[in-house]
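These notes are about the structure you will find just below.
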Amino acid sequence: MLIRDAELDGRRTDVRLTGGRVAELASGLPRASGEEVLDAAGGAVLPGLCDAHLHLSALAAAESSVSCGPPHVRDPAALTAALAAAPADEAGWVRGVGYVESVAGDLDAAALDRLHAGRPVRLQHRSGALWIVNGSAVDRLGLATADAPGIERGPDGAPTGRLWRADDWLRTRLPPALPPDLAATGARLARLGITSVVDATPDLAQSSLDALAGAVATGALPQRVTLLGAPLDGGLPVGLAAGPYKIVLADSGLPALDDLVDRIRGAHAAGRAVAVHCVTREALVLLLVALRTAGVVSGDRVEHAAVVPAELIGELAALGLRVVTQPGFLADRGDDYLRDVPAADHDDLYRCSSLLHAGVPVSLSSDAPYGPLDPWAVVSAAVDRRTRSGAVVAPAERISPTQALAGYLGDRRVARGTQADLLVLDRPLAEQLAAPTADAVRAVLIGGVQASP
Ligand SMILES: [Zn+2]
């Protein structure tokens with residue numbers, strides 16, 4: 001393919017792609033016979049975006065689920081209406097996503113039955129860590145007699161309908177469903193300009209690995225896929241790459257220091273860096289002590305870093321850790337943070353500028369479906385840190401549009417010999433950065449092959 005008249009690093013150039021790579025960069029390249037031509041008409045050409053933290057299967061499943069949280073659903077009446085109108089899957093189940101307590105409080109099976117008792121319902125908390133099921137679903141799942149960690153029980157031993165971090169177990173009890181449509185997800189990612197993704201789901205089951213590998217093999221999922229949840233003992237299907245090893249420091253119960261040190265050492269010994277889910281101050285303190293003890297390897301990273309006290313920034317830098325964060329949460333639910341997080345911690349939320357300033361590399365990402373997927377919306381959120389109501393969270397942490405875009409590009413560049421994973425915009429880069437929008441994505445190529453439109 002020959003991309004004509006693209007803007008690259010402020011200059012206009014043609015770009016020739018051959019064998020999946022950038023072969024030539026020069027003005028006025030003659031069209032070779034049989035070569036496809038894309039006229040960029042002065043639009044910018046960039047490396048394709050990398051979303052460094054998302055959840056592919058959950059994202060695909062969310063497409064066929066009913067939204068049960070803001071902005072669509074804000075109160076019990078709206079939740080009742082949404083559940084009543086929701087289509088069921090082949091087995092008659094309703095799957096809700098994005099629930100948060102501000103809608104209808106701390107739900108359990110009994111409370112959910114008051115909202116919808118007719119069909120089995122499972123409702124995912126927007127954090128992704130909790131499922132709430134109604135009475136009909138409690139029966140169908142056999143929760144009363146089930147024995148799995150994460151099944152919450154009341155003082156009488158009866159299941160409450162709340163299941164913590166129990167997705168793998170839940171999957172074994174749910175009726176077999178059609179695999180989620182990863183093709184729709186792949187197409188959506190491509191339309192946004194995303195050419196590579198890092199799936200951050202921990203401990204991926206073999207069935208999930210097979211589904212992802214199948215989608216990559218058929219081209220349904222055209223993006224390059226790296227998995228944090230790839231097993232430590234290898235055995236990854238072709239087409240998938242193992243990334244740093246995901247360790248979750250659950251917000252609801254931290255591990256003992258020795259256990260965490262052992263897990264980090266185990267991953268390092270297996271040749272993997274670690275990617276540690278860390279959203280509270282306590283979790284970050286524990287993680288930094290553990291990494292000091294276990295030692296750090298290149299590629300070790302902190303996922304979310306939702307709260308970083310100022311006094312820990314130097315230690316993050318000293319250890320050479322990367323932070324993979326999600327300023328999109330500020331745009332999506334920043335008002336909740338400002339209400340629920342102690343005021344003294346507001347300056348510590350989803351830091352960007354102070355980390356970069358201290359020399360901590362920062363990758364931006366979506367955490368989709370739990371955070372907004374659109375990378376251009378995330379870039380805007382990193383730049384203005386504005387909530388839905390217009391408040392600004394920790395204004396000192398704002399970064400420039402160029403810095404924010406770099407959070408999706410890393411150090412990749414469009415140069416001779418680089419992989420032809422490219423994004424062509426319909427406008428010059430400066431114009432796009434002044435008002436970032438996915439509408440500007442004109443074409444997306446992965447390995448030189450057009451993935452969108
Ligand atoms: Zn995540």
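Chain labels A, B, ... are given in the sequence in which chains occur in the structure tokens; within each chain residues are numbered consecutively from 1, and ligands are likewise numbered from 1 in the order shown.
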
Closest contacts (chain A/ligand 1, max 12 Å, only C-alpha atoms and all ligand atoms) as JSON lines:
{"residue": "A:Asp51", "atom": "CA", "partner": "ligand 1", "partner_atom_place_in_ligand_line": "1 (Zn)", "distance": 11.4}
{"residue": "A:Ala52", "atom": "CA", "partner": "ligand 1", "partner_atom_place_in_ligand_line": "1 (Zn)", "distance": 9.9}
{"residue": "A:His53", "atom": "CA", "partner": "ligand 1", "partner_atom_place_in_ligand_line": "1 (Zn)", "distance": 6.2}
{"residue": "A:Leu54", "atom": "CA", "partner": "ligand 1", "partner_atom_place_in_ligand_line": "1 (Zn)", "distance": 5.8}
{"residue": "A:His55", "atom": "CA", "partner": "ligand 1", "partner_atom_place_in_ligand_line": "1 (Zn)", "distance": 6.5}
{"residue": "A:Leu56", "atom": "CA", "partner": "ligand 1", "partner_atom_place_in_ligand_line": "1 (Zn)", "distance": 10.3}
{"residue": "A:Ser57", "atom": "CA", "partner": "ligand 1", "partner_atom_place_in_ligand_line": "1 (Zn)", "distance": 11.8}
{"residue": "A:Ala58", "atom": "CA", "partner": "ligand 1", "partner_atom_place_in_ligand_line": "1 (Zn)", "distance": 10.1}
{"residue": "A:Leu59", "atom": "CA", "partner": "ligand 1", "partner_atom_place_in_ligand_line": "1 (Zn)", "distance": 11.0}
{"residue": "A:Arg126", "atom": "CA", "partner": "ligand 1", "partner_atom_place_in_ligand_line": "1 (Zn)", "distance": 10.8}
{"residue": "A:Ser127", "atom": "CA", "partner": "ligand 1", "partner_atom_place_in_ligand_line": "1 (Zn)", "distance": 8.4}
{"residue": "A:Gly128", "atom": "CA", "partner": "ligand 1", "partner_atom_place_in_ligand_line": "1 (Zn)", "distance": 7.8}
{"residue": "A:Ala129", "atom": "CA", "partner": "ligand 1", "partner_atom_place_in_ligand_line": "1 (Zn)", "distance": 9.6}
{"residue": "A:Val198", "atom": "CA", "partner": "ligand 1", "partner_atom_place_in_ligand_line": "1 (Zn)", "distance": 10.1}
{"residue": "A:Asp199", "atom": "CA", "partner": "ligand 1", "partner_atom_place_in_ligand_line": "1 (Zn)", "distance": 8.2}
{"residue": "A:Ala200", "atom": "CA", "partner": "ligand 1", "partner_atom_place_in_ligand_line": "1 (Zn)", "distance": 5.5}
{"residue": "A:Thr201", "atom": "CA", "partner": "ligand 1", "partner_atom_place_in_ligand_line": "1 (Zn)", "distance": 6.5}
{"residue": "A:Pro202", "atom": "CA", "partner": "ligand 1", "partner_atom_place_in_ligand_line": "1 (Zn)", "distance": 8.8}
{"residue": "A:Leu227", "atom": "CA", "partner": "ligand 1", "partner_atom_place_in_ligand_line": "1 (Zn)", "distance": 11.9}
{"residue": "A:Leu228", "atom": "CA", "partner": "ligand 1", "partner_atom_place_in_ligand_line": "1 (Zn)", "distance": 10.3}
{"residue": "A:Gly229", "atom": "CA", "partner": "ligand 1", "partner_atom_place_in_ligand_line": "1 (Zn)", "distance": 11.1}
{"residue": "A:Lys246", "atom": "CA", "partner": "ligand 1", "partner_atom_place_in_ligand_line": "1 (Zn)", "distance": 9.9}
{"residue": "A:Ile247", "atom": "CA", "partner": "ligand 1", "partner_atom_place_in_ligand_line": "1 (Zn)", "distance": 11.0}
{"residue": "A:Val248", "atom": "CA", "partner": "ligand 1", "partner_atom_place_in_ligand_line": "1 (Zn)", "distance": 9.5}
{"residue": "A:Leu249", "atom": "CA", "partner": "ligand 1", "partner_atom_place_in_ligand_line": "1 (Zn)", "distance": 11.8}
{"residue": "A:Ala250", "atom": "CA", "partner": "ligand 1", "partner_atom_place_in_ligand_line": "1 (Zn)", "distance": 11.8}
{"residue": "A:Ala275", "atom": "CA", "partner": "ligand 1", "partner_atom_place_in_ligand_line": "1 (Zn)", "distance": 10.7}
{"residue": "A:Val276", "atom": "CA", "partner": "ligand 1", "partner_atom_place_in_ligand_line": "1 (Zn)", "distance": 10.3}
{"residue": "A:His277", "atom": "CA", "partner": "ligand 1", "partner_atom_place_in_ligand_line": "1 (Zn)", "distance": 7.6}
{"residue": "A:Cys278", "atom": "CA", "partner": "ligand 1", "partner_atom_place_in_ligand_line": "1 (Zn)", "distance": 10.2}
{"residue": "A:Val279", "atom": "CA", "partner": "ligand 1", "partner_atom_place_in_ligand_line": "1 (Zn)", "distance": 10.6}
{"residue": "A:Val302", "atom": "CA", "partner": "ligand 1", "partner_atom_place_in_ligand_line": "1 (Zn)", "distance": 11.3}
{"residue": "A:Glu303", "atom": "CA", "partner": "ligand 1", "partner_atom_place_in_ligand_line": "1 (Zn)", "distance": 7.7}
{"residue": "A:His304", "atom": "CA", "partner": "ligand 1", "partner_atom_place_in_ligand_line": "1 (Zn)", "distance": 7.9}
{"residue": "A:Ala305", "atom": "CA", "partner": "ligand 1", "partner_atom_place_in_ligand_line": "1 (Zn)", "distance": 11.5}
{"residue": "A:Ala306", "atom": "CA", "partner": "ligand 1", "partner_atom_place_in_ligand_line": "1 (Zn)", "distance": 11.8}
{"residue": "A:Val324", "atom": "CA", "partner": "ligand 1", "partner_atom_place_in_ligand_line": "1 (Zn)", "distance": 10.2}
{"residue": "A:Thr325", "atom": "CA", "partner": "ligand 1", "partner_atom_place_in_ligand_line": "1 (Zn)", "distance": 9.8}
{"residue": "A:Gln326", "atom": "CA", "partner": "ligand 1", "partner_atom_place_in_ligand_line": "1 (Zn)", "distance": 9.6}
{"residue": "A:Phe329", "atom": "CA", "partner": "ligand 1", "partner_atom_place_in_ligand_line": "1 (Zn)", "distance": 11.8}
{"residue": "A:Ser365", "atom": "CA", "partner": "ligand 1", "partner_atom_place_in_ligand_line": "1 (Zn)", "distance": 9.5}
{"residue": "A:Ser366", "atom": "CA", "partner": "ligand 1", "partner_atom_place_in_ligand_line": "1 (Zn)", "distance": 8.3}
{"residue": "A:Asp367", "atom": "CA", "partner": "ligand 1", "partner_atom_place_in_ligand_line": "1 (Zn)", "distance": 4.7}
{"residue": "A:Ala368", "atom": "CA", "partner": "ligand 1", "partner_atom_place_in_ligand_line": "1 (Zn)", "distance": 7.3}
{"residue": "A:Pro369", "atom": "CA", "partner": "ligand 1", "partner_atom_place_in_ligand_line": "1 (Zn)", "distance": 8.6}
{"residue": "A:Tyr370", "atom": "CA", "partner": "ligand 1", "partner_atom_place_in_ligand_line": "1 (Zn)", "distance": 7.2}
{"residue": "A:Gly371", "atom": "CA", "partner": "ligand 1", "partner_atom_place_in_ligand_line": "1 (Zn)", "distance": 8.6}
{"residue": "A:Pro372", "atom": "CA", "partner": "ligand 1", "partner_atom_place_in_ligand_line": "1 (Zn)", "distance": 11.8}
{"residue": "A:Leu373", "atom": "CA", "partner": "ligand 1", "partner_atom_place_in_ligand_line": "1 (Zn)", "distance": 11.8}

_What's around Tyr99 in chain A at 6 Å? Count only C-alpha atoms, leave out sequence neighbours fewer than 3 positions away in its own chain, and write the answer as a PyMOL selection string._
chain A and resi 68-69+125-126

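Shortest separation to Leu422 in chain A among A:Leu130, A:Leu115, A:Leu46, A:Ala217 occurs at residue A:Leu46, atoms counted being only C-alpha atoms.
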
*So how far away is CA of Thr293 in chain A from CA of Pro244 in chain A, in Å?*
18.4 Å

_Computed interatomic separation between CA of Ala435 in chain A and CA of Ser380 in chain A (Å)_ = 7.8 Å

*asked:* Please determine, counting only C-alpha atoms, which residue among A:Arg416, A:Ala44, A:Gly10, A:Ala215 has the shortest atom-to-atom distance to Leu25 in chain A.
replied: A:Arg416

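Coordinates place CA of Asp108 in chain A at a distance of 10.6 Å from CA of Gly154 in chain A.
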
*Near Leu330 in chain A, counting only C-alpha atoms, which residues have an atom at most 12 Å away, once you skip same-chain residues fewer than 6 positions from it, shown as a count of residues only?*
32

_Can you pull out every residue from range 51-297 of chain A that DSSP, working from the backbone, puts in helix (DSSP H, G or I), and format the result as JSON, numbers by chain?_
{"A": [56, 57, 58, 59, 60, 61, 62, 76, 77, 78, 79, 80, 81, 82, 83, 84, 85, 101, 102, 103, 104, 109, 110, 111, 112, 113, 114, 115, 135, 136, 137, 138, 139, 140, 141, 167, 168, 169, 170, 171, 172, 173, 182, 183, 184, 185, 186, 187, 188, 189, 190, 191, 206, 207, 208, 209, 210, 211, 212, 213, 214, 215, 216, 217, 218, 257, 258, 259, 260, 261, 262, 263, 264, 265, 266, 267, 268, 269, 281, 282, 283, 284, 285, 286, 287, 288, 289, 290, 291, 292, 293, 294]}

*asked:* Can you pull out the residues contacting Arg173 in chain A? Cut-off 9 Å, using only C-alpha atoms, and skip same-chain residues under 5 positions away; I want them as a VMD selection string.
replied: chain A and resid 140 to 142

*Can you work out which one of A:Leu355, A:Leu49, A:Asp5, A:Ala183 has the shortest atom-to-atom distance to Ile399 in chain A, counting only C-alpha atoms?*
A:Leu355
